[in-house]
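S.K.: Structure supplied as entry-v3.txt; contents: compact mmCIF, C-alpha atoms.
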# COMPACT_ATOMS: atom_id res chain seq x y z
CA MET A 1 0.00 0.00 0.00
CA LEU A 2 1.18 3.53 -0.72
CA GLN A 3 1.84 6.04 2.02
CA GLY A 4 -1.37 7.94 2.94
CA GLN A 5 -3.62 5.03 1.95
CA SER A 6 -5.56 2.62 4.10
CA ALA A 7 -7.49 -0.51 3.24
CA THR A 8 -10.66 1.54 2.63
CA GLY A 9 -9.16 4.49 0.67
CA THR A 10 -6.88 7.45 0.99
CA ILE A 11 -6.83 9.53 4.14
CA GLU A 12 -8.35 12.42 2.19
CA GLU A 13 -11.28 10.24 1.05
CA ILE A 14 -11.92 9.05 4.59
CA GLN A 15 -11.81 12.63 5.91
CA ALA A 16 -14.15 13.83 3.13
CA LYS A 17 -16.70 11.12 3.99
CA SER A 18 -16.60 12.00 7.68
CA LEU A 19 -17.14 15.72 6.94
CA ARG A 20 -20.27 15.28 4.79
CA PRO A 21 -22.62 15.37 7.80
CA ASP A 22 -21.23 18.80 8.72
CA ILE A 23 -21.99 20.08 5.22
CA SER A 24 -25.51 18.63 5.38
CA LEU A 25 -26.14 20.22 8.77
CA VAL A 26 -25.00 23.62 7.50
CA LEU A 27 -27.26 23.33 4.44
CA VAL A 28 -30.26 22.22 6.50
CA ALA A 29 -29.71 25.03 9.01
CA ARG A 30 -29.33 27.53 6.16
CA SER A 31 -32.54 26.26 4.54
CA LEU A 32 -34.59 26.50 7.73
CA ARG A 33 -33.22 29.91 8.64
CA ALA A 34 -33.73 31.25 5.10
CA PHE A 35 -37.34 30.02 5.14
CA GLY A 36 -37.89 31.81 8.45
CA ASP A 37 -36.14 34.96 7.21
CA GLY A 38 -38.27 35.04 4.06
CA TYR A 39 -41.38 34.56 6.16
CA VAL A 40 -40.37 37.28 8.63
CA ALA A 41 -39.42 39.73 5.87
CA ILE A 42 -43.08 39.75 4.79
CA LEU A 43 -44.77 39.10 8.10
CA LEU A 44 -42.87 41.54 10.36
CA PRO A 45 -44.29 44.73 8.80
CA VAL A 46 -47.77 43.20 8.85
CA HIS A 47 -47.40 42.18 12.49
CA LEU A 48 -46.09 45.59 13.55
CA SER A 49 -48.83 47.36 11.57
CA ARG A 50 -51.49 45.26 13.29
CA LEU A 51 -49.94 46.27 16.63
CA GLY A 52 -50.71 49.85 15.59
CA TYR A 53 -47.33 51.13 14.42
CA ASP A 54 -47.13 53.50 11.47
CA ALA A 55 -44.65 53.19 8.60
CA PHE A 56 -42.01 55.19 10.52
CA GLY A 57 -42.23 52.87 13.55
CA VAL A 58 -42.06 49.75 11.39
CA GLY A 59 -39.09 51.17 9.49
CA PHE A 60 -37.34 52.22 12.68
CA ILE A 61 -37.58 48.72 14.17
CA ALA A 62 -36.46 47.10 10.89
CA THR A 63 -33.53 49.53 10.64
CA ALA A 64 -32.48 48.82 14.23
CA SER A 65 -32.54 45.11 13.47
CA LEU A 66 -30.43 45.45 10.32
CA LEU A 67 -27.98 47.80 12.02
CA SER A 68 -27.51 45.43 14.93
CA SER A 69 -26.96 42.49 12.56
CA ALA A 70 -24.21 44.46 10.82
CA LEU A 71 -22.58 45.48 14.11
CA LEU A 72 -22.81 41.96 15.56
CA THR A 73 -21.26 40.52 12.42
CA LEU A 74 -18.41 43.03 12.57
CA ALA A 75 -17.85 42.41 16.29
CA LEU A 76 -17.82 38.66 15.79
CA GLY A 77 -15.33 39.07 12.97
CA LEU A 78 -12.89 40.62 15.41
CA VAL A 79 -13.02 37.74 17.90
CA ALA A 80 -14.34 34.76 15.95
CA TYR A 81 -10.93 33.14 15.61
CA ARG A 82 -10.90 32.75 19.42
CA ILE A 83 -14.36 31.17 19.67
CA PRO A 84 -15.09 27.59 18.59
CA ARG A 85 -17.40 27.68 15.55
CA ARG A 86 -19.94 25.29 17.05
CA ARG A 87 -20.27 27.41 20.20
CA ALA A 88 -20.63 30.62 18.17
CA LEU A 89 -23.34 29.06 15.97
CA LEU A 90 -25.19 27.75 19.00
CA ALA A 91 -25.05 31.15 20.72
CA ALA A 92 -26.33 32.84 17.55
CA ALA A 93 -29.17 30.30 17.28
CA LEU A 94 -30.19 30.86 20.90
CA LEU A 95 -30.12 34.62 20.38
CA MET A 96 -32.28 34.20 17.28
CA LEU A 97 -34.78 32.08 19.24
CA ALA A 98 -34.92 34.62 22.06
CA THR A 99 -35.49 37.41 19.53
CA ARG A 100 -38.37 35.53 17.88
CA LEU A 101 -39.98 34.79 21.26
CA GLY A 102 -39.60 38.42 22.29
CA PHE A 103 -41.33 39.63 19.14
CA ALA A 104 -44.11 37.09 19.60
CA GLY A 105 -44.86 38.08 23.18
CA ILE A 106 -44.20 41.83 23.46
CA ASP A 107 -46.25 44.67 22.01
CA GLY A 108 -44.55 47.85 23.30
CA PHE A 109 -42.50 49.93 20.86
CA TRP A 110 -39.42 50.52 23.04
CA PRO A 111 -39.08 46.92 24.21
CA LEU A 112 -39.47 45.74 20.60
CA LEU A 113 -36.85 48.25 19.49
CA VAL A 114 -34.42 46.96 22.12
CA ILE A 115 -35.13 43.35 21.14
CA ALA A 116 -34.65 44.22 17.45
CA PHE A 117 -31.32 45.90 18.20
CA VAL A 118 -29.95 43.29 20.61
CA GLY A 119 -31.36 40.27 18.81
CA THR A 120 -30.85 38.68 15.41
CA LEU A 121 -34.08 39.36 13.59
CA ASN A 122 -33.55 39.51 9.84
CA PRO A 123 -36.28 41.58 8.17
CA SER A 124 -34.79 41.28 4.69
CA GLY A 125 -35.02 38.69 1.97
CA GLY A 126 -31.29 37.91 2.09
CA ASP A 127 -29.17 36.62 4.92
CA VAL A 128 -27.48 39.56 6.63
CA SER A 129 -27.02 37.91 9.99
CA VAL A 130 -24.09 36.67 11.98
CA PHE A 131 -24.74 33.16 10.66
CA LEU A 132 -23.43 33.94 7.19
CA PRO A 133 -19.73 34.41 8.05
CA LEU A 134 -19.84 31.62 10.62
CA GLU A 135 -21.27 29.12 8.15
CA HIS A 136 -18.87 30.29 5.44
CA THR A 137 -16.04 29.52 7.84
CA VAL A 138 -17.46 26.07 8.56
CA LEU A 139 -17.83 25.30 4.84
CA SER A 140 -14.33 26.49 4.02
CA HIS A 141 -12.90 24.22 6.73
CA VAL A 142 -14.88 21.05 6.01
CA VAL A 143 -14.99 21.05 2.21
CA ALA A 144 -12.10 19.86 0.10
CA ASP A 145 -10.53 22.52 -2.11
CA GLN A 146 -11.83 21.01 -5.33
CA ASP A 147 -15.41 20.83 -3.96
CA ARG A 148 -15.56 24.30 -2.37
CA THR A 149 -17.20 26.13 -5.28
CA ALA A 150 -19.95 23.52 -5.53
CA ALA A 151 -20.55 23.62 -1.77
CA PHE A 152 -20.87 27.41 -1.74
CA ALA A 153 -23.15 27.24 -4.78
CA ARG A 154 -25.44 24.79 -2.94
CA TYR A 155 -25.30 27.02 0.14
CA SER A 156 -26.34 30.08 -1.88
CA PHE A 157 -29.02 28.17 -3.77
CA VAL A 158 -30.74 26.73 -0.70
CA GLY A 159 -30.64 30.16 0.94
CA ALA A 160 -32.29 31.89 -2.02
CA PHE A 161 -34.76 29.08 -2.70
CA PHE A 162 -35.98 28.62 0.86
CA GLY A 163 -36.01 32.38 1.48
CA ALA A 164 -38.35 32.79 -1.49
CA LEU A 165 -40.41 29.82 -0.32
CA GLY A 166 -40.72 31.37 3.15
CA ALA A 167 -41.91 34.68 1.68
CA LEU A 168 -44.37 32.85 -0.53
CA SER A 169 -45.72 30.78 2.35
CA VAL A 170 -47.00 33.90 4.15
CA GLY A 171 -49.81 34.00 1.56
CA VAL A 172 -50.68 30.37 2.24
CA VAL A 173 -51.98 31.32 5.69
CA ASP A 174 -54.62 33.65 4.21
CA TRP A 175 -55.46 31.14 1.51
CA LEU A 176 -55.98 28.39 4.09
CA ALA A 177 -58.12 30.70 6.23
CA GLN A 178 -60.32 31.58 3.28
CA SER A 179 -60.60 27.94 2.22
CA SER A 180 -61.60 26.78 5.71
CA HIS A 181 -64.03 29.70 6.03
CA ARG A 182 -65.76 28.64 2.76
CA ARG A 183 -66.04 25.04 3.96
CA LEU A 184 -67.71 26.11 7.20
CA ARG A 185 -70.52 27.89 5.34
I need this file expressed as structure tokens, please.
M.R.:
Amino acid sequence: MLQGQSATGTIEEIQAKSLRPDISLVLVARSLRAFGDGYVAILLPVHLSRLGYDAFGVGFIATASLLSSALLTLALGLVAYRIPRRRALLAAALLMLATRLGFAGIDGFWPLLVIAFVGTLNPSGGDVSVFLPLEHTVLSHVVADQDRTAAFARYSFVGAFFGALGALSVGVVDWLAQSSHRRLR
């Protein structure tokens, strides 16, 4: 046997097979988050309007959210090399969950503004959150050089596709409500 080979293949082949679950997890997480982001991009202004906020209030909360995402991403970029990627992704996911729960349960403008600024709500169709650079780092570390372009293409595709699907699914709620209302007549 040649150096660097085992009975089941080269060391690189064995490492590539063991890293595939990481790639799948990143793509699944990206898909779910993109779906939620697409949904929120449409639903957040509707939700805030139904709470009684005018266009300025809705825009102010959305701006605070986008500004905080940019600042958090920059801050993480300064210290990310010191933090294990898994821990950083978990912390970002917990912050995202807390943000969503805060928006679901609080109606006041100032508390919502603080939650929008401190949290990771993404009121845009594209991913502008702290997850993007973290997941790019994960992909660049777990994908072989020759497969990197394809992995990033899949990452971008699932983000765009599921983001659009999430935005589209907001209309399904009204359609289902109308359909069930017609059946009850």
S.K.: Which residues come within 12 Å of Asp107 of chain A, counting all atoms listed in the file, excluding same-chain residues fewer than 2 positions away, as a CSV table (one decimal) with C-alpha atoms, keeping the file's coordinate frame?
M.R.:
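Result saved to around.csv:
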chain,number,residue,atom,x,y,z
A,47,HIS,CA,-47.4,42.2,12.5
A,48,LEU,CA,-46.1,45.6,13.6
A,49,SER,CA,-48.8,47.4,11.6
A,50,ARG,CA,-51.5,45.3,13.3
A,51,LEU,CA,-49.9,46.3,16.6
A,52,GLY,CA,-50.7,49.8,15.6
A,53,TYR,CA,-47.3,51.1,14.4
A,101,LEU,CA,-40.0,34.8,21.3
A,102,GLY,CA,-39.6,38.4,22.3
A,103,PHE,CA,-41.3,39.6,19.1
A,104,ALA,CA,-44.1,37.1,19.6
A,105,GLY,CA,-44.9,38.1,23.2
A,109,PHE,CA,-42.5,49.9,20.9
A,110,TRP,CA,-39.4,50.5,23.0
A,111,PRO,CA,-39.1,46.9,24.2
A,112,LEU,CA,-39.5,45.7,20.6
A,113,LEU,CA,-36.8,48.2,19.5
A,115,ILE,CA,-35.1,43.4,21.1
S.K.: With only C-alpha atoms as the atoms that count, which of A:Leu165, A:Val138, A:Val79, A:Leu44 lies nearest to Gly57 of chain A?
M.R.: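 Looking at the shortest contact to Gly57 of chain A, the residue is A:Leu44.
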S.K.: Kindly compute an axis-aligned box around the listed atoms of segment 27-33 of chain A, allowing 4 Å on each side, and express its centre and edge lengths in Å to one decimal as lines of an AutoDock Vina configuration file.
M.R.:
center_x = -30.9
center_y = 26.1
center_z = 6.7
size_x = 15.3
size_y = 15.7
size_z = 12.6
S.K.: Taking all atoms listed in the file into account, produce a table as a Markdown table in which each residue of segment 84-180 of chain A with an atom at most 12 Å from an atom of segment 30-36 of chain A appears once, together with its shortest atom pair and the distance in Å to one decimal, ordered by chain and rising number.
M.R.:
| residue | atom | partner | partner_atom | distance |
| --- | --- | --- | --- | --- |
| A:Leu89 | CA | A:Arg30 | CA | 11.6 |
| A:Ala92 | CA | A:Arg33 | CA | 11.6 |
| A:Ala93 | CA | A:Arg33 | CA | 9.6 |
| A:Met96 | CA | A:Arg33 | CA | 9.7 |
| A:Leu97 | CA | A:Arg33 | CA | 10.9 |
| A:Arg100 | CA | A:Gly36 | CA | 10.1 |
| A:Thr120 | CA | A:Arg33 | CA | 11.3 |
| A:Leu121 | CA | A:Gly36 | CA | 9.9 |
| A:Asn122 | CA | A:Gly36 | CA | 8.9 |
| A:Pro123 | CA | A:Gly36 | CA | 9.9 |
| A:Ser124 | CA | A:Ala34 | CA | 10.1 |
| A:Gly125 | CA | A:Ala34 | CA | 8.2 |
| A:Gly126 | CA | A:Ala34 | CA | 7.7 |
| A:Asp127 | CA | A:Ala34 | CA | 7.0 |
| A:Val128 | CA | A:Ala34 | CA | 10.5 |
| A:Ser129 | CA | A:Arg33 | CA | 10.2 |
| A:Val130 | CA | A:Arg33 | CA | 11.8 |
| A:Phe131 | CA | A:Arg30 | CA | 8.5 |
| A:Leu132 | CA | A:Arg30 | CA | 8.8 |
| A:Pro133 | CA | A:Arg30 | CA | 12.0 |
| A:Leu134 | CA | A:Arg30 | CA | 11.3 |
| A:Glu135 | CA | A:Arg30 | CA | 8.5 |
| A:His136 | CA | A:Arg30 | CA | 10.8 |
| A:Leu139 | CA | A:Arg30 | CA | 11.8 |
| A:Phe152 | CA | A:Arg30 | CA | 11.6 |
| A:Arg154 | CA | A:Arg30 | CA | 10.3 |
| A:Tyr155 | CA | A:Arg30 | CA | 7.3 |
| A:Ser156 | CA | A:Arg30 | CA | 8.9 |
| A:Phe157 | CA | A:Ser31 | CA | 9.2 |
| A:Val158 | CA | A:Ser31 | CA | 5.6 |
| A:Gly159 | CA | A:Ala34 | CA | 5.3 |
| A:Ala160 | CA | A:Ala34 | CA | 7.3 |
| A:Phe161 | CA | A:Ser31 | CA | 8.1 |
| A:Phe162 | CA | A:Phe35 | CA | 4.7 |
| A:Gly163 | CA | A:Ala34 | CA | 4.4 |
| A:Ala164 | CA | A:Phe35 | CA | 7.3 |
| A:Leu165 | CA | A:Phe35 | CA | 6.3 |
| A:Gly166 | CA | A:Phe35 | CA | 4.1 |
| A:Ala167 | CA | A:Phe35 | CA | 7.4 |
| A:Leu168 | CA | A:Phe35 | CA | 9.5 |
| A:Ser169 | CA | A:Phe35 | CA | 8.9 |
| A:Val170 | CA | A:Gly36 | CA | 10.3 |
S.K.: Quick one: of A:Pro21, A:Val26, A:Leu43, A:Ile61, who's nearest to Gly171 of chain A, counting all atoms listed in the file?
M.R.: A:Leu43
S.K.: Go through A:Val173, A:Leu90, A:Val46, A:Leu72 and flag the residue nearest Gly59 of chain A, using only C-alpha atoms for the distances.
M.R.: A:Val46
S.K.: Can you tell me how far atom CA of Val114 of chain A sits from atom CA of Leu76 of chain A, in Å to one decimal?
M.R.: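 Atom CA of Leu76 of chain A lies 19.6 Å from atom CA of Val114 of chain A.
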S.K.: What lies within 10 Å of Phe117 of chain A using all atoms listed in the file, ignoring chain neighbours under 5 positions off, as a list in words?
M.R.: Ile61, Ala62, Thr63, Ala64, Ser65, Leu66, Leu67, Ser68, Ser69, Leu71, Leu72, Thr99, Pro111 and Leu112 of chain A
S.K.: May I ask for the distance between atom CA of Arg148 of chain A and atom CA of Leu74 of chain A, given in Å to one decimal place?
M.R.: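 It comes out at 24.1 Å.
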S.K.: Just the number, please: distance in Å from atom CA of Ala41 of chain A to atom CA of Ile23 of chain A, one decimal.
M.R.: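 Spanning atom CA of Ala41 of chain A to atom CA of Ile23 of chain A is a straight-line distance of 26.3 Å.
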